[in-house]
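Raw contents of query.txt, compact mmCIF, C-alpha atoms:
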# COMPACT_ATOMS: atom_id res chain seq x y z
CA MET F 685 -16.52 29.50 14.72
CA SER F 686 -13.04 30.12 13.28
CA LEU F 687 -11.79 27.88 10.54
CA ARG F 688 -8.95 26.55 12.68
CA SER F 689 -11.48 25.27 15.22
CA HIS F 690 -13.66 23.68 12.55
CA PRO F 691 -13.52 19.85 12.63
CA VAL F 692 -13.37 19.64 8.83
CA PHE F 693 -10.20 21.73 8.86
CA PHE F 694 -8.51 19.19 11.12
CA LYS F 695 -9.67 16.41 8.81
CA ALA F 696 -8.02 18.23 5.90
CA LEU F 697 -4.81 18.58 7.91
CA ALA F 698 -4.94 14.86 8.71
CA GLY F 699 -5.29 14.08 5.01
CA LEU F 700 -2.36 16.39 4.27
CA GLY F 701 -0.26 14.59 6.89
CA ALA F 702 -1.25 11.18 5.53
CA LEU F 703 -0.06 12.06 2.02
CA ALA F 704 3.10 13.66 3.41
CA VAL F 705 3.93 10.35 5.09
CA ALA F 706 2.82 7.99 2.32
CA MET F 707 4.26 9.91 -0.62
CA GLY F 708 6.84 12.33 0.80
CA ILE F 709 8.43 9.68 3.05
CA GLY F 710 7.19 6.23 1.99
CA ARG F 711 7.68 6.86 -1.70
CA PHE F 712 9.97 9.81 -2.37
CA ALA F 713 12.24 10.12 0.68
CA PHE F 714 14.57 7.64 -1.00
CA THR F 715 15.52 10.37 -3.49
CA PRO F 716 17.28 12.73 -1.03
CA VAL F 717 18.66 9.80 1.00
CA LEU F 718 20.17 8.08 -2.05
CA PRO F 719 23.27 10.35 -2.29
CA MET F 720 23.95 9.59 1.37
CA MET F 721 23.61 5.83 0.74
CA ILE F 722 25.97 6.06 -2.23
CA ALA F 723 28.50 7.81 0.02
CA ASP F 724 28.28 5.52 3.07
CA ALA F 725 26.25 2.37 2.36
CA GLY F 726 28.03 0.95 -0.68
CA LEU F 727 25.31 1.70 -3.22
CA ASP F 728 25.98 2.86 -6.76
CA ILE F 729 23.65 4.43 -9.32
CA ARG F 730 22.53 1.08 -10.70
CA SER F 731 21.73 -0.48 -7.32
CA GLY F 732 19.97 2.72 -6.30
CA GLY F 733 17.86 2.48 -9.45
CA LEU F 734 16.96 -1.11 -8.57
CA LEU F 735 15.79 -0.06 -5.12
CA ALA F 736 13.74 2.74 -6.67
CA SER F 737 12.16 0.39 -9.20
CA SER F 738 11.35 -2.06 -6.41
CA ASN F 739 9.39 0.69 -4.66
CA TYR F 740 7.62 1.67 -7.89
CA LEU F 741 6.74 -1.98 -8.59
CA GLY F 742 5.22 -2.14 -5.11
CA TYR F 743 3.23 0.97 -5.92
CA LEU F 744 1.94 -0.66 -9.13
CA LEU F 745 0.85 -3.84 -7.36
CA GLY F 746 -0.55 -1.82 -4.47
CA ALA F 747 -2.68 0.23 -6.84
CA LEU F 748 -3.94 -2.89 -8.56
CA SER F 749 -4.63 -4.76 -5.31
CA ALA F 750 -6.57 -1.81 -3.90
CA THR F 751 -9.15 -2.31 -6.63
CA PHE F 752 -9.71 -5.98 -5.69
CA PHE F 753 -9.54 -6.16 -1.90
CA ARG F 754 -12.41 -4.73 0.11
CA LEU F 755 -11.22 -2.80 3.16
CA PRO F 756 -12.64 0.27 4.94
CA VAL F 757 -10.71 3.29 3.68
CA THR F 758 -9.96 4.57 7.18
CA ARG F 759 -8.40 1.26 8.17
CA ALA F 760 -6.41 1.19 4.95
CA ILE F 761 -5.10 4.68 5.75
CA ARG F 762 -4.26 3.89 9.37
CA PHE F 763 -2.41 0.66 8.73
CA GLY F 764 -0.81 1.95 5.55
CA LEU F 765 0.66 4.87 7.50
CA LEU F 766 1.72 2.69 10.43
CA PHE F 767 3.57 0.22 8.20
CA THR F 768 5.12 3.05 6.17
CA GLY F 769 6.75 4.34 9.35
CA LEU F 770 7.93 0.90 10.46
CA LEU F 771 9.29 -0.01 7.02
CA THR F 772 11.15 3.30 6.85
CA ILE F 773 12.77 2.68 10.24
CA ALA F 774 13.75 -0.82 9.08
CA MET F 775 15.77 0.74 6.23
CA ALA F 776 18.16 2.05 8.90
CA ALA F 777 19.41 -1.48 9.61
CA GLU F 778 22.38 -2.89 7.68
CA PHE F 779 20.39 -5.55 5.87
CA PRO F 780 21.50 -7.29 2.67
CA PHE F 781 20.51 -5.49 -0.52
CA THR F 782 17.71 -7.99 -1.19
CA VAL F 783 16.05 -7.19 2.13
CA TRP F 784 16.26 -3.46 1.40
CA ALA F 785 14.57 -4.13 -1.94
CA VAL F 786 11.74 -6.00 -0.20
CA LEU F 787 11.31 -3.16 2.31
CA ARG F 788 11.11 -0.58 -0.50
CA PHE F 789 8.64 -2.81 -2.37
CA LEU F 790 6.36 -3.05 0.66
CA ALA F 791 6.63 0.70 1.25
CA GLY F 792 5.44 1.19 -2.33
CA VAL F 793 2.43 -1.04 -1.69
CA CYS F 794 1.56 0.98 1.43
CA SER F 795 1.94 4.33 -0.33
CA ALA F 796 -0.45 3.27 -3.09
CA TRP F 797 -3.06 2.07 -0.60
CA VAL F 798 -2.85 5.30 1.39
CA LEU F 799 -3.01 7.54 -1.70
CA ILE F 800 -6.04 5.76 -3.11
CA SER F 801 -7.76 5.59 0.28
CA VAL F 802 -7.08 9.24 1.14
CA SER F 803 -8.46 10.27 -2.27
CA SER F 804 -11.68 8.39 -1.55
CA TRP F 805 -11.83 9.61 2.06
CA ASN F 806 -11.22 13.17 0.85
CA ILE F 807 -14.30 13.08 -1.38
CA ASP F 808 -16.49 11.57 1.35
CA ASN F 809 -15.41 13.97 4.12
CA LEU F 810 -14.58 17.29 2.46
CA GLN F 811 -16.78 17.70 -0.60
CA ASP F 812 -19.70 19.03 1.47
CA ALA F 813 -17.61 21.40 3.59
CA GLN F 814 -18.53 24.48 1.51
CA ARG F 815 -14.82 25.23 1.33
CA PRO F 816 -13.47 23.67 -1.90
CA TRP F 817 -9.90 24.71 -1.12
CA LEU F 818 -9.80 22.19 1.74
CA GLY F 819 -9.72 19.38 -0.83
CA ASN F 820 -6.70 21.02 -2.45
CA LEU F 821 -5.08 21.40 0.95
CA VAL F 822 -5.00 17.62 1.34
CA PHE F 823 -2.93 17.20 -1.83
CA VAL F 824 -0.44 19.81 -0.65
CA GLY F 825 0.71 16.92 1.54
CA VAL F 826 2.70 15.36 -1.31
CA GLY F 827 4.82 18.47 -1.86
CA SER F 828 5.04 19.13 1.88
CA GLY F 829 6.41 15.65 2.49
CA VAL F 830 8.94 16.02 -0.33
CA THR F 831 10.03 19.42 0.99
CA GLY F 832 10.26 18.25 4.61
CA ALA F 833 12.30 15.17 3.71
CA GLY F 834 14.61 17.32 1.58
CA LEU F 835 15.20 19.84 4.37
CA LEU F 836 15.81 17.07 6.89
CA CYS F 837 18.38 15.40 4.64
CA LEU F 838 20.04 18.78 4.03
CA ALA F 839 20.50 19.20 7.77
CA LEU F 840 21.79 15.64 8.21
CA VAL F 841 24.31 16.05 5.39
CA HIS F 842 25.50 19.27 7.05
CA TRP F 843 25.98 17.33 10.30
CA HIS F 844 27.77 14.49 8.44
CA ALA F 845 25.15 11.99 9.60
CA HIS F 846 25.03 8.44 8.25
CA SER F 847 22.21 7.48 5.86
CA SER F 848 20.90 5.07 8.51
CA VAL F 849 20.24 8.07 10.74
CA ALA F 850 18.22 9.66 7.95
CA TRP F 851 16.03 6.56 7.62
CA LEU F 852 15.57 6.33 11.37
CA VAL F 853 14.58 9.99 11.76
CA LEU F 854 12.26 9.87 8.74
CA GLY F 855 10.58 6.74 10.09
CA LEU F 856 10.08 8.24 13.53
CA LEU F 857 8.69 11.40 11.92
CA ALA F 858 6.27 9.27 9.91
CA LEU F 859 5.07 7.52 13.07
CA ALA F 860 4.68 10.85 14.89
CA ILE F 861 2.52 12.29 12.09
CA THR F 862 0.52 9.05 12.01
CA ALA F 863 -0.14 9.31 15.76
CA LEU F 864 -1.32 12.92 15.41
CA ALA F 865 -3.65 12.10 12.52
CA TRP F 866 -4.89 8.72 13.85
CA ARG F 867 -8.13 9.93 15.50
CA GLN F 868 -9.23 11.78 12.37
CA PHE F 869 -9.41 8.44 10.58
CA GLU F 870 -11.81 6.79 13.00
CA VAL F 871 -14.45 4.59 11.43
CA PRO F 872 -17.97 5.88 12.25
CA ALA F 873 -20.29 3.12 13.42
CA LYS F 874 -22.70 3.73 10.56
CA ALA F 875 -19.82 3.56 8.07
CA GLU F 876 -18.16 0.44 9.43
CA ASN F 877 -18.72 -1.40 6.19
CA LEU F 878 -17.58 1.33 3.82
CA THR F 879 -15.06 -0.14 1.43
CA HIS F 880 -13.25 0.53 -1.77
CA LYS F 881 -16.25 -0.06 -3.98
CA SER F 882 -16.00 -1.58 -7.39
CA ALA F 883 -17.38 0.43 -10.21
CA SER F 884 -21.01 0.07 -11.08
CA PRO F 885 -21.85 -1.36 -14.51
CA HIS F 886 -21.24 1.20 -17.22
CA THR F 887 -21.14 1.46 -20.97
CA PHE F 888 -17.57 2.65 -21.46
CA ARG F 889 -16.00 1.09 -24.51
CA TRP F 890 -12.39 1.19 -25.48
CA ASN F 891 -11.52 3.27 -28.53
CA ALA F 892 -8.46 4.90 -30.08
CA GLU F 893 -8.82 8.00 -27.90
CA ALA F 894 -8.83 5.96 -24.68
CA VAL F 895 -5.77 3.99 -25.79
CA ARG F 896 -3.98 7.23 -26.62
CA MET F 897 -4.66 8.57 -23.13
CA VAL F 898 -3.32 5.40 -21.52
CA VAL F 899 -0.15 5.50 -23.64
CA CYS F 900 0.47 9.19 -22.91
CA TYR F 901 -0.10 8.76 -19.19
CA GLY F 902 2.37 5.88 -19.23
CA ALA F 903 4.82 8.18 -21.04
CA TYR F 904 4.40 10.68 -18.22
CA GLY F 905 5.28 7.97 -15.67
CA PHE F 906 8.44 7.13 -17.60
CA GLY F 907 9.36 10.76 -18.23
CA TYR F 908 9.15 12.23 -14.76
CA ILE F 909 10.68 9.39 -12.79
CA LEU F 910 14.36 9.97 -13.58
CA PRO F 911 14.54 13.42 -11.97
CA ALA F 912 12.08 12.26 -9.29
CA THR F 913 14.57 9.51 -8.40
CA PHE F 914 17.99 10.94 -9.18
CA LEU F 915 17.74 14.75 -9.06
CA PRO F 916 19.90 15.19 -5.90
CA VAL F 917 22.43 12.66 -7.27
CA MET F 918 22.66 14.64 -10.52
CA ALA F 919 22.94 17.88 -8.56
CA LYS F 920 25.72 16.50 -6.36
CA ALA F 921 27.73 15.39 -9.41
CA ALA F 922 27.17 18.69 -11.22
CA LEU F 923 28.23 20.72 -8.17
CA ASN F 924 31.26 18.53 -7.38
CA GLY F 925 29.81 17.35 -4.07
CA SER F 926 28.85 20.77 -2.71
CA PRO F 927 26.22 20.47 0.06
CA VAL F 928 24.11 22.92 -1.95
CA PHE F 929 22.97 19.94 -4.04
CA GLY F 930 20.33 19.09 -1.43
CA TRP F 931 18.36 22.24 -2.19
CA SER F 932 17.34 20.75 -5.54
CA TRP F 933 14.91 18.39 -3.80
CA VAL F 934 13.55 21.15 -1.57
CA VAL F 935 12.83 23.29 -4.65
CA PHE F 936 11.15 20.25 -6.23
CA GLY F 937 8.83 19.93 -3.24
CA LEU F 938 8.06 23.66 -3.02
CA ALA F 939 7.16 23.69 -6.72
CA ALA F 940 4.81 20.74 -6.11
CA ILE F 941 3.07 22.65 -3.29
CA ALA F 942 2.61 25.76 -5.45
CA SER F 943 1.33 23.73 -8.41
CA VAL F 944 -1.69 22.47 -6.45
CA TRP F 945 -2.95 26.04 -6.05
CA LEU F 946 -2.02 27.20 -9.57
CA ALA F 947 -3.57 24.28 -11.45
CA ALA F 948 -7.21 25.42 -11.24
CA PRO F 949 -6.69 28.77 -13.07
CA ALA F 950 -4.73 26.99 -15.81
CA VAL F 951 -7.51 24.45 -16.34
CA ARG F 952 -10.15 27.19 -16.43
CA TRP F 953 -8.13 29.04 -19.05
CA LEU F 954 -6.93 26.17 -21.26
CA GLY F 955 -9.14 23.23 -20.40
CA ALA F 956 -7.96 19.85 -19.15
CA ARG F 957 -6.54 18.50 -22.43
CA LYS F 958 -4.49 21.56 -23.37
CA SER F 959 -3.29 21.87 -19.78
CA TRP F 960 -2.17 18.23 -19.93
CA VAL F 961 -0.24 18.95 -23.13
CA MET F 962 1.36 22.06 -21.63
CA TYR F 963 2.46 20.18 -18.51
CA HIS F 964 4.08 17.43 -20.60
CA TRP F 965 6.04 20.01 -22.57
CA VAL F 966 7.11 21.97 -19.49
CA MET F 967 8.19 18.76 -17.81
CA GLY F 968 10.02 17.65 -20.96
CA ILE F 969 12.00 20.91 -21.06
CA GLY F 970 12.90 20.51 -17.40
CA VAL F 971 14.03 16.91 -17.91
CA ALA F 972 16.17 17.82 -20.94
CA LEU F 973 18.08 20.78 -19.49
CA PRO F 974 20.44 18.87 -17.13
CA ALA F 975 21.26 16.50 -20.01
CA ILE F 976 22.26 19.42 -22.24
CA HIS F 977 24.36 21.11 -19.55
CA ALA F 978 24.27 20.15 -15.89
CA ASN F 979 24.91 23.05 -13.51
CA LEU F 980 23.14 24.67 -10.57
CA LEU F 981 20.82 26.72 -12.79
CA THR F 982 19.66 23.86 -15.03
CA ILE F 983 19.20 21.54 -12.05
CA LEU F 984 17.02 24.10 -10.26
CA ILE F 985 15.00 24.79 -13.42
CA ALA F 986 14.48 21.03 -13.76
CA ALA F 987 13.31 20.90 -10.15
CA LEU F 988 10.80 23.68 -10.82
CA CYS F 989 9.56 22.23 -14.12
CA VAL F 990 9.17 18.63 -12.95
CA GLY F 991 8.14 19.39 -9.37
CA GLY F 992 5.64 21.94 -10.62
CA THR F 993 3.91 19.51 -13.00
CA PHE F 994 4.10 15.95 -11.68
CA ILE F 995 1.07 16.29 -9.38
CA VAL F 996 -1.13 18.43 -11.62
CA VAL F 997 -0.68 16.12 -14.62
CA THR F 998 -2.68 13.59 -12.62
CA VAL F 999 -5.38 16.15 -11.86
CA VAL F 1000 -5.93 17.17 -15.49
CA ALA F 1001 -5.56 13.63 -16.85
CA VAL F 1002 -8.31 12.37 -14.53
CA GLN F 1003 -10.54 15.28 -15.57
CA ASP F 1004 -9.92 14.43 -19.22
CA ALA F 1005 -10.73 10.78 -18.57
CA LYS F 1006 -14.05 11.79 -16.99
CA ARG F 1007 -14.81 13.96 -20.02
CA LEU F 1008 -14.22 11.05 -22.40
CA THR F 1009 -16.25 8.55 -20.40
CA LYS F 1010 -18.96 11.07 -19.47
CA GLY F 1011 -18.44 10.61 -15.73
CA ASP F 1012 -17.70 6.95 -14.99
CA ALA F 1013 -13.97 6.79 -15.66
CA THR F 1014 -13.05 3.97 -13.26
CA GLN F 1015 -11.88 1.49 -15.89
CA LEU F 1016 -9.98 4.06 -17.92
CA ILE F 1017 -8.30 5.64 -14.86
CA ALA F 1018 -7.28 2.17 -13.61
CA ALA F 1019 -5.63 1.45 -16.97
CA MET F 1020 -3.93 4.86 -17.00
CA THR F 1021 -2.64 4.34 -13.45
CA SER F 1022 -1.24 0.94 -14.38
CA ALA F 1023 0.52 2.38 -17.43
CA PHE F 1024 1.93 5.22 -15.32
CA ALA F 1025 3.22 2.80 -12.70
CA LEU F 1026 4.77 0.57 -15.35
CA GLY F 1027 6.50 3.58 -16.90
CA GLN F 1028 8.07 4.58 -13.59
CA VAL F 1029 9.22 1.01 -12.92
CA VAL F 1030 11.03 0.90 -16.27
CA GLY F 1031 12.55 4.41 -16.07
CA PRO F 1032 15.38 3.79 -13.55
CA PHE F 1033 16.58 0.76 -15.56
CA THR F 1034 17.71 3.12 -18.34
CA VAL F 1035 20.47 4.43 -16.02
CA ARG F 1036 23.16 1.76 -15.86
CA ARG F 1037 26.49 3.16 -14.74
CA GLY F 1038 27.67 6.22 -12.79
CA ALA F 1039 26.36 9.74 -12.41
CA ASP F 1040 27.74 10.55 -15.89
CA SER F 1041 25.24 8.16 -17.49
CA PHE F 1042 22.16 10.38 -17.12
CA GLU F 1043 22.52 12.29 -20.38
CA TRP F 1044 20.93 9.87 -22.83
CA PRO F 1045 18.21 8.55 -20.48
CA LEU F 1046 17.16 12.14 -19.72
CA LEU F 1047 17.08 13.05 -23.42
CA LEU F 1048 15.03 9.92 -24.12
CA ALA F 1049 12.59 10.80 -21.33
CA ALA F 1050 12.32 14.41 -22.56
CA THR F 1051 11.67 13.23 -26.12
CA ILE F 1052 8.93 10.87 -24.94
CA LEU F 1053 7.30 13.61 -22.87
CA ILE F 1054 7.32 16.16 -25.68
CA GLY F 1055 6.21 13.56 -28.23
CA SER F 1056 3.37 12.34 -26.04
CA GLY F 1057 2.25 15.94 -25.54
CA ALA F 1058 2.08 16.36 -29.31
CA LEU F 1059 0.19 13.05 -29.58
CA LEU F 1060 -2.42 14.36 -27.14
CA LEU F 1061 -3.09 17.26 -29.52
CA LYS F 1062 -3.53 15.07 -32.59
CA LYS F 1063 -7.11 14.60 -33.70
CA ILE F 1064 -8.42 11.05 -33.82
CA ASP F 1065 -11.45 10.46 -35.99
Representation of the structure as structure tokens:
Amino acid sequence: MSLRSHPVFFKALAGLGALAVAMGIGRFAFTPVLPMMIADAGLDIRSGGLLASSNYLGYLLGALSATFFRLPVTRAIRFGLLFTGLLTIAMAAEFPFTVWAVLRFLAGVCSAWVLISVSSWNIDNLQDAQRPWLGNLVFVGVGSGVTGAGLLCLALVHWHAHSSVAWLVLGLLALAITALAWRQFEVPAKAENLTHKSASPHTFRWNAEAVRMVVCYGAYGFGYILPATFLPVMAKAALNGSPVFGWSWVVFGLAAIASVWLAAPAVRWLGARKSWVMYHWVMGIGVALPAIHANLLTILIAALCVGGTFIVVTVVAVQDAKRLTKGDATQLIAAMTSAFALGQVVGPFTVRRGADSFEWPLLLAATILIGSGALLLKKID
């Protein structure tokens, strides 16, 4: 039986599609659409940052709520994807700003539920497939969604389309992918009552090392979010409006795809903690470069550095959390995720005026990333 005819392969593709919709469209499609909304929908940098923070706040509350509400993971995936598509289409309407903020908030809630549910579903369905790379294939969905949204917005900018068209097309694409993946997320009769399970009792106790990991993971959330929100806007300003600016987000997504496959060798060579440190420093350099001198080269290097690390930081940080807790890292990972989400909510608020106001926020974010990387190396007795 060829791999392409193997049912597990189609499950992996469904997981990839789910993350492409939830993260690439529901969460990050706002980034390449934002320059279009600034041009034709009356937004400025500050209001764009507020919409971004609304989405990130929804992600924070979605992540927290997913740990309390019991719902079969396949149902959470299905309805999370369905509502992501509908909420994205709704962004095409000329609603008041407050309604847009609510829509972005709800999209953030859905993206968190889908990400958490797909992660759980991935373990249950693919860990026994005797093909470990299929699990990695699922997480290629994040970068694939980012890349696809970037290419679509590039084409729409070339055709002088309105931002509402971008939202409509992205929403319809999300619904199409959801329809294709829907059957792969059927609930087996024997698993009808599978839910997001709460952690079993464990002996994990908070200590200075655990607090340090939470703080540094929160620093990562704050540090990466400015380029993850405003990279195309910065590129457009640096290139004086040239349509080439849209390629910055495509490069970001391609780097994210490549990073999923390159992370494992790095961890084998350096270990999870040193890899985590390295990724913070690489990301910090990428964040700082456009603040020092914004041009096509520095923007593209930033896209490579941040896009190539923002997914794998999560991978190595979770591995490090499991090392510290000797396996049961639920409580620590929940705290780290909350700190990360809080950091990305706060990040866009540091940008207050026009496109020329990125310099100091970027330098602050780079300093925090590099400092937190150094903190991760410090020995705690």
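Considering all atoms listed in the file, the residue among F:Trp960, F:Trp945, F:Gly832, F:Phe694 positioned nearest to Leu857 in chain F is F:Gly832.
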Review point. Neighbours of Val944 in chain F within 9 Å (only C-alpha atoms; same-chain residues fewer than 3 positions away dropped), as a ChimeraX atom specification?
Key: /F:820-821,823-824,827,939-941,947-948,992,995-996
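For the pair CA of Leu755 in chain F and CA of Gly708 in chain F, the separation is 23.7 Å.
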**Study point:** One-decimal distance in Å that lies between CA of Val802 in chain F and CA of Thr758 in chain F
**Key:** 8.2 Å
Point to revise | Polymer residues at most 8 Å from Phe869 in chain F, only C-alpha atoms, same-chain spacing of 5 or more positions, as a ChimeraX atom specification | key: /F:758-759,761-762
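Of the listed residues F:Val793, F:Ala860, F:Leu1059, F:Leu981, the one whose atoms come nearest to Gly746 in chain F is F:Val793, with distances taken using only C-alpha atoms.
Using all atoms listed in the file, the nearest neighbour of Ala791 in chain F within the list F:Arg730, F:Arg711, F:His846, F:Arg867 is F:Arg711.
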Output, as AutoDock Vina command-line options, the centre and edge lengths in Å (one decimal) of the axis-aligned box that contains all listed atoms of range 839-844 of chain F with 3 Å of margin on each side.
--center_x 24.1 --center_y 16.9 --center_z 7.8 --size_x 13.3 --size_y 10.8 --size_z 10.9
Check your understanding: Quick one: residues within 12 Å of range 921-932 of chain F, all atoms listed in the file counted, chain neighbours fewer than 6 positions away excluded, as a ChimeraX atom specification?
Key -> /F:715-720,722-723,729,830-844,911-915,938-939,974-975,977-991,1038-1042
Exercise for review: Dump as a PyMOL selection string all residues having an atom at most 8 Å from (-2.6, 16.8, -17.8), computed in the file's coordinates with only C-alpha atoms.
Suggested key: chain F and resi 956-964+996-1002+1004
Review point. How far is it from CA of Val951 in chain F to CA of Ala750 in chain F, in Å with one decimal?
Key: 29.1 Å
Exercise for review: Dig up all the protein and nucleic acid residues within 7 Å of (11.5, 3.9, 13.1) in the file frame, using all atoms listed in the file, and format them as a PyMOL selection string.
Suggested key: chain F and resi 769-770+772-774+852-853+855-856
Could those selected residues go to a file with C-alpha atoms, as a PDB file, keeping the file's coordinate frame?
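Here's the written file again-v3.pdb:
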ATOM      1  CA  GLY F 769       6.750   4.340   9.350  1.00  0.00           C
ATOM      2  CA  LEU F 770       7.930   0.900  10.460  1.00  0.00           C
ATOM      3  CA  THR F 772      11.150   3.300   6.850  1.00  0.00           C
ATOM      4  CA  ILE F 773      12.770   2.680  10.240  1.00  0.00           C
ATOM      5  CA  ALA F 774      13.750  -0.820   9.080  1.00  0.00           C
ATOM      6  CA  LEU F 852      15.570   6.330  11.370  1.00  0.00           C
ATOM      7  CA  VAL F 853      14.580   9.990  11.760  1.00  0.00           C
ATOM      8  CA  GLY F 855      10.580   6.740  10.090  1.00  0.00           C
ATOM      9  CA  LEU F 856      10.080   8.240  13.530  1.00  0.00           C
TER      10      LEU F 856
END
Practice item. Quick one: everything within 8 Å of Met707 in chain F, counting all atoms listed in the file, minus sequence neighbours fewer than 3 positions away in the same chain. Send it as an NGL selection string. Key: :F and (703-704 or 710-712 or 795 or 799 or 826 or 829-830)
Point to revise | Counting all atoms listed in the file, the residue of F:Leu771, F:Ala858, F:Ala850, F:Ile909 that sits nearest Val1029 in chain F | key: F:Ile909
With only C-alpha atoms counted and 6 Å as the cut-off, give the residues of range 934-1024 of chain F in contact with range 887-908 of chain F, each with its shortest interatomic distance in Å and the pair that gives it, as JSON lines.
{"residue": "F:Met1020", "atom": "CA", "partner": "F:Val898", "partner_atom": "CA", "distance": 4.6}
{"residue": "F:Ala1023", "atom": "CA", "partner": "F:Gly902", "partner_atom": "CA", "distance": 4.3}
{"residue": "F:Phe1024", "atom": "CA", "partner": "F:Gly902", "partner_atom": "CA", "distance": 4.0}
Could you write those residues out with C-alpha atoms, as a short mmCIF file (atom, residue, chain, number, x, y, z; two decimals), in the coordinates of the input?
data_model
loop_
_atom_site.label_atom_id
_atom_site.label_comp_id
_atom_site.auth_asym_id
_atom_site.auth_seq_id
_atom_site.Cartn_x
_atom_site.Cartn_y
_atom_site.Cartn_z
CA MET F 1020 -3.93 4.86 -17.00
CA ALA F 1023 0.52 2.38 -17.43
CA PHE F 1024 1.93 5.22 -15.32
#
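Distances here use only C-alpha atoms; by that measure, the residue among F:Ala1025, F:Leu787, F:Ile800, F:Leu745 closest to Gly699 in chain F is F:Ile800.
Distances here use only C-alpha atoms; by that measure, the residue among F:Ala706, F:Met967, F:Ala698, F:Leu910 closest to Tyr743 in chain F is F:Ala706.
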Could you pull range 924-969 of chain F out of the block above and give me C-alpha atoms, as an mmCIF file, in the first residue's frame?
data_model
loop_
_atom_site.group_PDB
_atom_site.id
_atom_site.type_symbol
_atom_site.label_atom_id
_atom_site.label_comp_id
_atom_site.auth_asym_id
_atom_site.auth_seq_id
_atom_site.Cartn_x
_atom_site.Cartn_y
_atom_site.Cartn_z
ATOM 1 C CA ASN F 924 7.838 53.193 -0.219
ATOM 2 C CA GLY F 925 4.699 51.226 -1.033
ATOM 3 C CA SER F 926 6.257 48.850 -3.565
ATOM 4 C CA PRO F 927 4.103 45.716 -4.034
ATOM 5 C CA VAL F 928 7.228 43.692 -3.246
ATOM 6 C CA PHE F 929 6.463 44.282 0.444
ATOM 7 C CA GLY F 930 4.009 41.363 0.423
ATOM 8 C CA TRP F 931 6.794 38.843 -0.098
ATOM 9 C CA SER F 932 7.979 39.471 3.469
ATOM 10 C CA TRP F 933 5.019 37.485 4.834
ATOM 11 C CA VAL F 934 5.498 34.693 2.300
ATOM 12 C CA VAL F 935 9.149 34.348 3.365
ATOM 13 C CA PHE F 936 7.978 34.317 7.001
ATOM 14 C CA GLY F 937 5.669 31.391 6.254
ATOM 15 C CA LEU F 938 8.232 29.450 4.211
ATOM 16 C CA ALA F 939 10.760 29.808 7.036
ATOM 17 C CA ALA F 940 8.149 28.445 9.461
ATOM 18 C CA ILE F 941 7.591 25.398 7.231
ATOM 19 C CA ALA F 942 11.333 24.685 6.986
ATOM 20 C CA SER F 943 11.847 25.122 10.731
ATOM 21 C CA VAL F 944 9.536 22.204 11.558
ATOM 22 C CA TRP F 945 11.849 19.816 9.702
ATOM 23 C CA LEU F 946 15.112 21.398 10.903
ATOM 24 C CA ALA F 947 14.235 21.536 14.604
ATOM 25 C CA ALA F 948 14.867 17.855 15.397
ATOM 26 C CA PRO F 949 18.571 17.836 14.356
ATOM 27 C CA ALA F 950 19.175 21.021 16.358
ATOM 28 C CA VAL F 951 17.627 19.507 19.485
ATOM 29 C CA ARG F 952 19.652 16.312 19.071
ATOM 30 C CA TRP F 953 22.822 18.363 18.780
ATOM 31 C CA LEU F 954 22.250 21.043 21.427
ATOM 32 C CA GLY F 955 19.472 19.726 23.629
ATOM 33 C CA ALA F 956 16.166 21.457 24.318
ATOM 34 C CA ARG F 957 17.446 24.196 26.660
ATOM 35 C CA LYS F 958 20.357 25.355 24.514
ATOM 36 C CA SER F 959 18.154 25.197 21.423
ATOM 37 C CA TRP F 960 15.610 27.394 23.217
ATOM 38 C CA VAL F 961 18.360 29.907 24.024
ATOM 39 C CA MET F 962 19.632 29.873 20.441
ATOM 40 C CA TYR F 963 16.152 30.461 19.030
ATOM 41 C CA HIS F 964 15.589 33.443 21.341
ATOM 42 C CA TRP F 965 18.851 35.006 20.204
ATOM 43 C CA VAL F 966 18.212 34.363 16.510
ATOM 44 C CA MET F 967 14.728 35.811 16.855
ATOM 45 C CA GLY F 968 16.097 38.801 18.778
ATOM 46 C CA ILE F 969 18.585 39.575 15.995
#
